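Heads up, the thing below is written out as structure tokens.
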Amino acid sequence: MKGKWHFPLLCFLLGASLIQFSTSWVILPFFLVWMLFFIRSGILFPVMLAAFFSGVLVYSLSAEPIEDTGSPYTGKILSPPKYNGSAESFSLKTDEGVILDITHFVGEGSSFFFDEFKAGAECRVQGEIESFPAASNPGEFDYSGFMQKRGYGGQVEVEHTAEITCDGSSLLGEFYERREMVMDELAGKTSTILWPWMKALVFGEQTEIREETLQAFREWGASHILAISGLHVGLLCGLIYVLFYRSGVMTLSQVKILILSVLPIFAFVAGSQPSVLRASLMACFMAIMWYLKLKPSMTDILSAAAFILLFINPSLLYNAGFQFSFAVTFSLLLSADFLGRDTRAWVLSLRVALISQLALLPLQLYYFYEFSPLSSLINLLLVPYFTLFFIPSIFLLFLAFFSLPEFVYEAFTEILGGIHVIFIDTVLYLGEGMNVQWVTGEFPLSWFLPYYLCFYVMMDHIVKGENRAAFCYGALLSLVLIVHSSLPYINEEGKVTFLDVGQGDSAVIELPHRRGVIIVDAAGPPHFQENRDKIAENILVPFLNSRGIRKVDAVFITHNDSDHNGSFAGLLEDIDVGRLFVSPYDEGDYKFKKTELSAGDTYGIEGYEFRVLSPGKDHLDKNDNSLVLHTALGGKGWLFTGDISAGVEKTVQEAHGPLPVAILKVAHHGSKTSTSELFLDTFEPGIGIISAGRNNRYGHPHPEVLRTLEKAEVEVWRTDRHGAVTVTFTDSNIATVTGFLSP
Amino acid sequence: MKCVYCFQPVHPKTDWRNAFLPGRPSRLCEECMNGFEVITEGCPRCCNPRYSETCPDCRHDSALLSNTSLLFYNDFAKEWMARFKYRGDYELIASMSVFLPYFVRGKAVPVPLSDVRVEERGFNQAEAITELLMKRPRPYLKRSHSEKQAKKSKQERERGANPFLPVQQVRGNLLLIDDIYTTGTTMKQAAAVLKENGADSVRGLTLFHS
């Protein structure tokens with residue numbers, strides 16, 4: 001069995017994925033054929049079968065729905081309370097085994113009171129379980145599903161101290177407190193430039209590194225440098241070895257024991273992320289093997305670490321960090337022989353970067369819809385700097401904090417901070433130039449199989465030294481990606497998606513064969529929301545990326561109101577916008593060249609025409625001056641009305657008469673000032689789409705409007721009920737209308 | 001697990017070649033494995049590793065259509081052969097399993113030994129290879145006793161009378177199996193007899209090529 005323990009692990013993971021992802025049944029026949037190869041492999045075959053069925057069993061048990069036992073909830077605090085800027089919260093594991101997120105919004109008249117609670121404390125909480133916000137748009141991050149897979153049953157909001165009593169703590173709680181204390185002390189003494197990096201690289205918390213830096217690292221596929229993992233554990237072990245053995249302070253076996261005892265502490269201090277747990281566990285196993293003078297197989301150690309982690313916490317399987325960490329380690333271990341053949345530093349790091357990037361690509365695309373093909377080059381700069389200089393310096397500095405006088409420490413942090421800032425700024429500047437993002441769009445699980453098959457065969461040939469064959473399979477691998485990204489250009493179906501952006505309008509029109517992408521309105525978040533780009537970042541751009549769109553041909557902004565144009569600035573940051581169309585009475589500042597359109601103007605793209613019906617004159621009201629657009633998609637008429645009131649509706653109707661309209665974007669989110677009976681009678685739309693926020697304060701859509709629509713026999717779709725509403729059409733027909741939440 | 005040849009512990013390596021399929025278990029440690037040289041290119045007819053085009057020996061027609069040899073008969077292989085064949089360490093044959101192809105076509109005919117030689121050695125090395133290939137050995141030939149080929153010169157070998165006798169009429173495509181291909185005389189003589197007795201074609205498979 002030596003060197004073969006990864007086979008049971010693969011079987012276990014396959015069993016688990018069969019339960020979790022409905023689409024993965026496709027791989028079952030492949031799995032069965034694959035298993036046939038192992039029938040004559042002795043003990044391996046039954047072990048693999050057992051692993052497969054235990055995977056099925058473990059994950060079908062954990063997939064069972066969680067029951068609400070009712071208030072009050074009693075249980076233990078899992079980790080110390082955290083503050084995220086507007087609320088303090090902690091995780092409570094109830095006696096029934098469900099994890100609850102206990103949150104307290106801190107604001108006017110309500111001050112902190114969670115900070116006294118320690119990990120391990122027994123708690124009693126009164127309140128009601130609310131579910132986490134679920135995704136209501138394609139491409140949007142599904143927080144609810146994410147938390148559910150991690151074993152969370154919901155969120156309980158606490159308002160008063162009376163609703164919660166907590167007492168005691170555990171040993172772990174004491175440890176957490178010590179960790180917190182050290183962090184506070186360090187934060188005060190370290191230079192402000194260096195502290196965020198120290199916090200990330202020593203304590204595993206990236207919260208203080210600037211978002212744009214983090215995003216740059218993500219785009220370069222270099223997040224693994226920041227996530228504490230094998231690299232850091234390896235450096236730590238190396239550092240201990242040099243400091244204690246090479247200096248002659250300790251014997252070799254003493255050093256082995258020291259490493260064994262330091263690793264668990266390190267894993268804890270570093271924040272117990274899956275990658276650091278994986279690396280520490282593997283290092284522990286290796287130290288034990290080393291101590292017993294056994295020569296282990298690295299893939300076996302990796303498999304053992306995976307089994308142990310999944311056994312303790314099955315939900316880790318869904319953790320992106322866990323998946324990235326194991327996938328990249330496994331593929332590098334399998335390539336170890338090949339990597340060892342040429343040890344010139346730059347060849348080695350280029351190969352490591354390339355293999356890691358290729359191994360992680362499907363996961364990267366599954367989560368982020370895009371990747372940067374040139375990122376390996378940036379890694380060539382980043383990896384040596386971090387591994388050979390920065391991380392060892394940070395570790396040494398951390399040790400120096402406990403042993404050197406304060407002013408020496410402070411001087412050192414200033415120097416290191418100064419060097420680091422120069423380096424990071426240079427790399428960010430260089431990275432900007434090489435930042436060619438390939439937006440592939442949603443990369444579903446069914447595409448993993450052909451991709452990984454090509455990758456495997458390619459690596460197989462590389463290891464054998466058959467470079468020509470390897471190149472062919474590499475080309476095939478790129479072809480998989482190219483075919484996937486070109487699917488929209490073959491697809492003869494077009495789509496119009498009315499996104500659920502809360503109280504606001506935003507519709508994305510994708511023409512058949514991807515002949516063009518047009519956006520009508522880009523709603524921003526409500527006024528009290530501090531982050532003005534929240535909707536662009538969380539809904540609009542992820543949606544466009546998930547559809548593989550990086551360039552939009554035209555954006556129509558109907559009028560200058562935040563719920564129609566608030567996300568335009570955020571959109572510009574990530575998406576190339578071709579043209580911006582507004583009405584002549586729009587006084588918004590878009591920081592972009594705008595083209596004014598008024599009644600009678602048209603915009604044509606690839607044979608599709610958008611006609612402007614209004615405003616023909618100044619109606620002296622922002623809403624009434626909305627652009628009204630008419631177009632024909634799928635052989636049917638479409639009318640986008642912005643926020644016009646019944647008065648303007650009448651003007652439009654008188655000026656243009658009974659135009660063919662099958663699909664109507666109901667004006668002003670369904671306000672009763674719009675959508676008159678007369679209007680509906682003239683245009684006779686078959687489908688009406690209302691874009692309004694859930695429980696919005698204006699009471700949109702108004703019941704009267706709904707009644708009018710019903711009377712006119714209009715099929716109504718609402719973003720507040722159905723989530724994003726998607727209408728698909730072909731060149732001659734409207735195919736389907738679906739809601740994201742209730743298809 | 002210990003190496004079947006040098007008795008040092010074997011550390012199986014997992015890489016892309018064997019990470020997703022069971023593969024053949026190697027009974028050799030890495031060092032011994034590297035002692036053998038796999039023939040990757042040679043004479044297209046007899047696998048002679050010294051030539052990349054048809055070698056002079058193969059320019060004449062012969063009953064043997066072609067021959068495949070797996071390993072170069074280097075010093076390491078000679079040592080192995082001495083232990084296996086002349087000192088009778090039959091178990092060593094297991095170390096060859098990694099080098100064998102997964103699938104070969106044709107009915108397997110191991111080159112026979114004379115009764116005297118079998119008596120002397122205790123086993124027929126060609127039959128051992130056939131079994132390792134998981135093929136049924138077909139006893140289509142017999143061999144009269146003569147001096148060991150290894151002790152003759154090339155001319156002597158070629159001039160000598162054909163020692164092989166047919167046992168029965170045969171049919172189909174045959175695969176002649178032996179341990180080593182030196183001048184090819186043995187293989188060619190055996191192939192000629194098989195051809196005369198009805199074989200459609202005769203190809204060869206040997207472990208080594210000197």
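Chain labels A, B, ... are given in the sequence in which chains occur in the structure tokens; within each chain residues are numbered consecutively from 1, and ligands are likewise numbered from 1 in the order shown.
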TODO: Identify all chain B residues at most 9 Å from chain A by counting only C-alpha atoms; ligands do not count. Present them as an MDAnalysis selection string.
DONE: chainID B and resid 11:23
Include N, CA, C and O atoms and write out the residues we just selected as a compact mmCIF listing (two decimals), in the first residue's frame.
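Final file, selection.txt:
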```txt
# COMPACT_ATOMS: atom_id res chain seq x y z
N HIS B 11 11.61 2.16 -2.18
CA HIS B 11 10.75 3.30 -1.87
C HIS B 11 9.96 3.65 -3.11
O HIS B 11 10.47 4.34 -3.97
N PRO B 12 8.72 3.14 -3.18
CA PRO B 12 7.98 3.40 -4.41
C PRO B 12 7.73 4.89 -4.56
O PRO B 12 7.38 5.58 -3.60
N LYS B 13 7.96 5.41 -5.74
CA LYS B 13 7.76 6.83 -6.00
C LYS B 13 6.43 7.02 -6.68
O LYS B 13 6.09 6.28 -7.60
N THR B 14 5.69 7.99 -6.24
CA THR B 14 4.43 8.28 -6.89
C THR B 14 4.62 9.53 -7.73
O THR B 14 4.97 10.57 -7.20
N ASP B 15 4.44 9.41 -9.02
CA ASP B 15 4.45 10.61 -9.87
C ASP B 15 3.33 10.47 -10.90
O ASP B 15 2.50 9.57 -10.80
N TRP B 16 3.34 11.38 -11.88
CA TRP B 16 2.21 11.39 -12.82
C TRP B 16 2.05 10.06 -13.54
O TRP B 16 0.96 9.72 -13.96
N ARG B 17 3.14 9.28 -13.68
CA ARG B 17 3.04 8.05 -14.45
C ARG B 17 2.20 6.99 -13.75
O ARG B 17 1.57 6.18 -14.39
N ASN B 18 2.25 6.98 -12.41
CA ASN B 18 1.53 5.90 -11.72
C ASN B 18 0.54 6.42 -10.69
O ASN B 18 0.09 5.68 -9.83
N ALA B 19 0.21 7.70 -10.75
CA ALA B 19 -0.65 8.26 -9.71
C ALA B 19 -2.12 7.97 -9.94
O ALA B 19 -2.92 8.05 -9.02
N PHE B 20 -2.50 7.66 -11.17
CA PHE B 20 -3.93 7.49 -11.42
C PHE B 20 -4.29 6.11 -11.94
O PHE B 20 -5.46 5.79 -12.07
N LEU B 21 -3.28 5.29 -12.25
CA LEU B 21 -3.55 3.92 -12.66
C LEU B 21 -2.66 3.00 -11.83
O LEU B 21 -1.60 3.42 -11.38
N PRO B 22 -3.12 1.78 -11.61
CA PRO B 22 -2.36 0.92 -10.69
C PRO B 22 -0.94 0.63 -11.18
O PRO B 22 -0.02 0.60 -10.41
N GLY B 23 -0.76 0.44 -12.49
CA GLY B 23 0.57 0.17 -13.00
C GLY B 23 1.08 -1.19 -12.55
O GLY B 23 0.44 -1.88 -11.76
```
Task: Spatial neighbours of B:Phe164, 8 Å, only C-alpha atoms, chain gap at least 5 places, as a ChimeraX atom specification - done: /B:141-144,189-190,193
Task: Residue neighbourhood A:Leu706, 9 Å, only C-alpha atoms, exclusion window fewer than 5 positions, as a list of chain:residue names - done: A:Gly670, A:Pro701, A:Lys711, A:Val716
Open item on the list: Please compute the atom CA of A:Gln254-atom CA of A:Met282 distance, one decimal, in Å.
Closed with: 19.2 Å
Output as a compact mmCIF listing (two decimals) with N, CA, C and O atoms, in the first residue's frame all residues of chain B that backbone DSSP marks as alpha helix (DSSP H).
```txt
# COMPACT_ATOMS: atom_id res chain seq x y z
N GLU B 30 15.17 1.65 -7.06
CA GLU B 30 15.42 2.62 -8.13
C GLU B 30 16.82 2.45 -8.73
O GLU B 30 17.01 2.54 -9.93
N GLU B 31 17.76 2.14 -7.86
CA GLU B 31 19.14 2.03 -8.31
C GLU B 31 19.31 0.89 -9.30
O GLU B 31 19.92 1.05 -10.36
N CYS B 32 18.73 -0.27 -8.95
CA CYS B 32 18.84 -1.42 -9.84
C CYS B 32 18.09 -1.15 -11.13
O CYS B 32 18.52 -1.55 -12.21
N MET B 33 16.95 -0.48 -11.00
CA MET B 33 16.16 -0.15 -12.18
C MET B 33 16.99 0.69 -13.14
O MET B 33 17.00 0.47 -14.34
N ASN B 34 17.73 1.65 -12.57
CA ASN B 34 18.54 2.52 -13.42
C ASN B 34 19.74 1.80 -14.00
O ASN B 34 20.36 2.27 -14.95
N GLY B 35 20.10 0.62 -13.40
CA GLY B 35 21.20 -0.17 -13.93
C GLY B 35 20.88 -0.69 -15.32
O GLY B 35 21.77 -0.85 -16.16
N ASP B 75 26.72 -4.28 -18.87
CA ASP B 75 27.40 -5.05 -17.83
C ASP B 75 26.46 -5.43 -16.70
O ASP B 75 26.52 -6.53 -16.16
N PHE B 76 25.58 -4.49 -16.36
CA PHE B 76 24.64 -4.75 -15.28
C PHE B 76 23.73 -5.92 -15.66
O PHE B 76 23.47 -6.81 -14.85
N ALA B 77 23.28 -5.90 -16.93
CA ALA B 77 22.39 -6.96 -17.40
C ALA B 77 23.11 -8.29 -17.45
O ALA B 77 22.54 -9.34 -17.15
N LYS B 78 24.41 -8.24 -17.81
CA LYS B 78 25.19 -9.48 -17.87
C LYS B 78 25.28 -10.12 -16.49
O LYS B 78 25.12 -11.33 -16.33
N GLU B 79 25.51 -9.27 -15.52
CA GLU B 79 25.58 -9.75 -14.13
C GLU B 79 24.26 -10.40 -13.72
O GLU B 79 24.21 -11.47 -13.12
N TRP B 80 23.18 -9.68 -14.08
CA TRP B 80 21.84 -10.17 -13.75
C TRP B 80 21.63 -11.55 -14.38
O TRP B 80 21.16 -12.48 -13.76
N MET B 81 22.03 -11.64 -15.69
CA MET B 81 21.84 -12.87 -16.45
C MET B 81 22.63 -14.01 -15.82
O MET B 81 22.15 -15.14 -15.73
N ASP B 115 16.63 -31.48 -23.68
CA ASP B 115 16.28 -32.14 -22.41
C ASP B 115 17.46 -32.12 -21.45
O ASP B 115 17.29 -31.91 -20.25
N VAL B 116 18.67 -32.30 -22.01
CA VAL B 116 19.87 -32.32 -21.17
C VAL B 116 20.02 -30.98 -20.45
O VAL B 116 20.26 -30.90 -19.26
N ARG B 117 19.81 -29.90 -21.22
CA ARG B 117 19.99 -28.56 -20.67
C ARG B 117 18.93 -28.25 -19.60
O ARG B 117 19.26 -27.66 -18.57
N VAL B 118 17.70 -28.68 -19.85
CA VAL B 118 16.65 -28.44 -18.85
C VAL B 118 17.00 -29.16 -17.56
O VAL B 118 16.89 -28.62 -16.47
N GLU B 119 17.47 -30.36 -17.73
CA GLU B 119 17.87 -31.17 -16.58
C GLU B 119 18.94 -30.42 -15.78
O GLU B 119 18.88 -30.32 -14.56
N GLU B 120 19.91 -29.87 -16.54
CA GLU B 120 21.06 -29.20 -15.95
C GLU B 120 20.65 -27.91 -15.23
O GLU B 120 21.06 -27.63 -14.13
N ARG B 121 19.77 -27.12 -15.88
CA ARG B 121 19.44 -25.77 -15.39
C ARG B 121 18.24 -25.79 -14.44
O ARG B 121 18.11 -24.96 -13.56
N GLN B 125 14.40 -20.58 -19.30
CA GLN B 125 14.25 -19.13 -19.08
C GLN B 125 13.21 -18.53 -20.01
O GLN B 125 12.48 -17.61 -19.63
N ALA B 126 13.08 -19.08 -21.24
CA ALA B 126 12.12 -18.53 -22.18
C ALA B 126 10.69 -18.78 -21.69
O ALA B 126 9.81 -17.93 -21.84
N GLU B 127 10.49 -19.96 -21.07
CA GLU B 127 9.15 -20.24 -20.53
C GLU B 127 8.83 -19.32 -19.36
O GLU B 127 7.70 -18.88 -19.18
N ALA B 128 9.87 -19.03 -18.56
CA ALA B 128 9.67 -18.12 -17.42
C ALA B 128 9.19 -16.76 -17.91
O ALA B 128 8.27 -16.17 -17.34
N ILE B 129 9.78 -16.28 -19.00
CA ILE B 129 9.39 -14.97 -19.54
C ILE B 129 7.96 -15.04 -20.07
O ILE B 129 7.15 -14.14 -19.86
N THR B 130 7.64 -16.16 -20.74
CA THR B 130 6.30 -16.32 -21.28
C THR B 130 5.25 -16.24 -20.17
O THR B 130 4.21 -15.60 -20.31
N GLU B 131 5.56 -16.90 -19.06
CA GLU B 131 4.61 -16.86 -17.94
C GLU B 131 4.48 -15.45 -17.36
O GLU B 131 3.40 -15.02 -16.99
N LEU B 132 5.61 -14.75 -17.32
CA LEU B 132 5.58 -13.39 -16.80
C LEU B 132 4.70 -12.49 -17.69
O LEU B 132 4.06 -11.56 -17.23
N LYS B 154 30.39 -16.30 -34.25
CA LYS B 154 29.29 -16.00 -35.14
C LYS B 154 29.24 -16.95 -36.34
O LYS B 154 28.18 -17.47 -36.69
N GLN B 155 30.45 -17.19 -36.92
CA GLN B 155 30.50 -18.08 -38.08
C GLN B 155 30.04 -19.49 -37.71
O GLN B 155 29.25 -20.10 -38.42
N GLU B 156 30.54 -19.95 -36.55
CA GLU B 156 30.16 -21.29 -36.11
C GLU B 156 28.66 -21.41 -35.95
O GLU B 156 28.05 -22.40 -36.30
N ARG B 157 28.08 -20.36 -35.38
CA ARG B 157 26.64 -20.39 -35.15
C ARG B 157 25.89 -20.50 -36.47
O ARG B 157 24.97 -21.28 -36.62
N GLU B 158 26.32 -19.67 -37.44
CA GLU B 158 25.58 -19.64 -38.69
C GLU B 158 25.74 -20.92 -39.50
O GLU B 158 24.84 -21.36 -40.19
N ARG B 159 26.96 -21.51 -39.38
CA ARG B 159 27.21 -22.72 -40.15
C ARG B 159 26.56 -23.95 -39.53
O ARG B 159 26.28 -24.91 -40.21
N THR B 185 20.75 -15.89 -34.72
CA THR B 185 20.75 -17.21 -35.38
C THR B 185 19.71 -18.14 -34.78
O THR B 185 18.93 -18.77 -35.49
N THR B 186 19.71 -18.25 -33.46
CA THR B 186 18.77 -19.15 -32.79
C THR B 186 17.34 -18.80 -33.18
O THR B 186 16.56 -19.67 -33.58
N MET B 187 17.04 -17.50 -33.07
CA MET B 187 15.68 -17.06 -33.37
C MET B 187 15.33 -17.36 -34.82
O MET B 187 14.23 -17.82 -35.13
N LYS B 188 16.27 -17.10 -35.71
CA LYS B 188 16.00 -17.29 -37.14
C LYS B 188 15.81 -18.76 -37.46
O LYS B 188 14.93 -19.13 -38.25
N GLN B 189 16.66 -19.62 -36.84
CA GLN B 189 16.53 -21.06 -37.08
C GLN B 189 15.18 -21.58 -36.59
O GLN B 189 14.47 -22.29 -37.30
N ALA B 190 14.80 -21.14 -35.38
CA ALA B 190 13.52 -21.59 -34.82
C ALA B 190 12.37 -21.08 -35.69
O ALA B 190 11.42 -21.81 -35.99
N ALA B 191 12.50 -19.84 -36.13
CA ALA B 191 11.44 -19.25 -36.95
C ALA B 191 11.30 -20.00 -38.26
O ALA B 191 10.19 -20.25 -38.73
N ALA B 192 12.47 -20.42 -38.85
CA ALA B 192 12.43 -21.13 -40.13
C ALA B 192 11.64 -22.43 -39.99
O ALA B 192 10.79 -22.75 -40.83
N VAL B 193 11.90 -23.16 -38.89
CA VAL B 193 11.18 -24.43 -38.67
C VAL B 193 9.69 -24.17 -38.52
O VAL B 193 8.85 -24.88 -39.10
N LEU B 194 9.35 -23.15 -37.77
CA LEU B 194 7.93 -22.84 -37.55
C LEU B 194 7.26 -22.45 -38.86
O LEU B 194 6.15 -22.87 -39.16
N LYS B 195 7.96 -21.65 -39.64
CA LYS B 195 7.44 -21.20 -40.94
C LYS B 195 7.15 -22.39 -41.85
O LYS B 195 6.10 -22.48 -42.49
N GLU B 196 8.15 -23.33 -41.89
CA GLU B 196 8.00 -24.51 -42.74
C GLU B 196 6.81 -25.35 -42.35
O GLU B 196 6.22 -26.04 -43.16
```
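Proximity to B:Ser114 was assessed for B:Ser69, B:Gly160, B:Leu165, B:Phe208 counting only C-alpha atoms; the smallest distance is recorded for B:Leu165.
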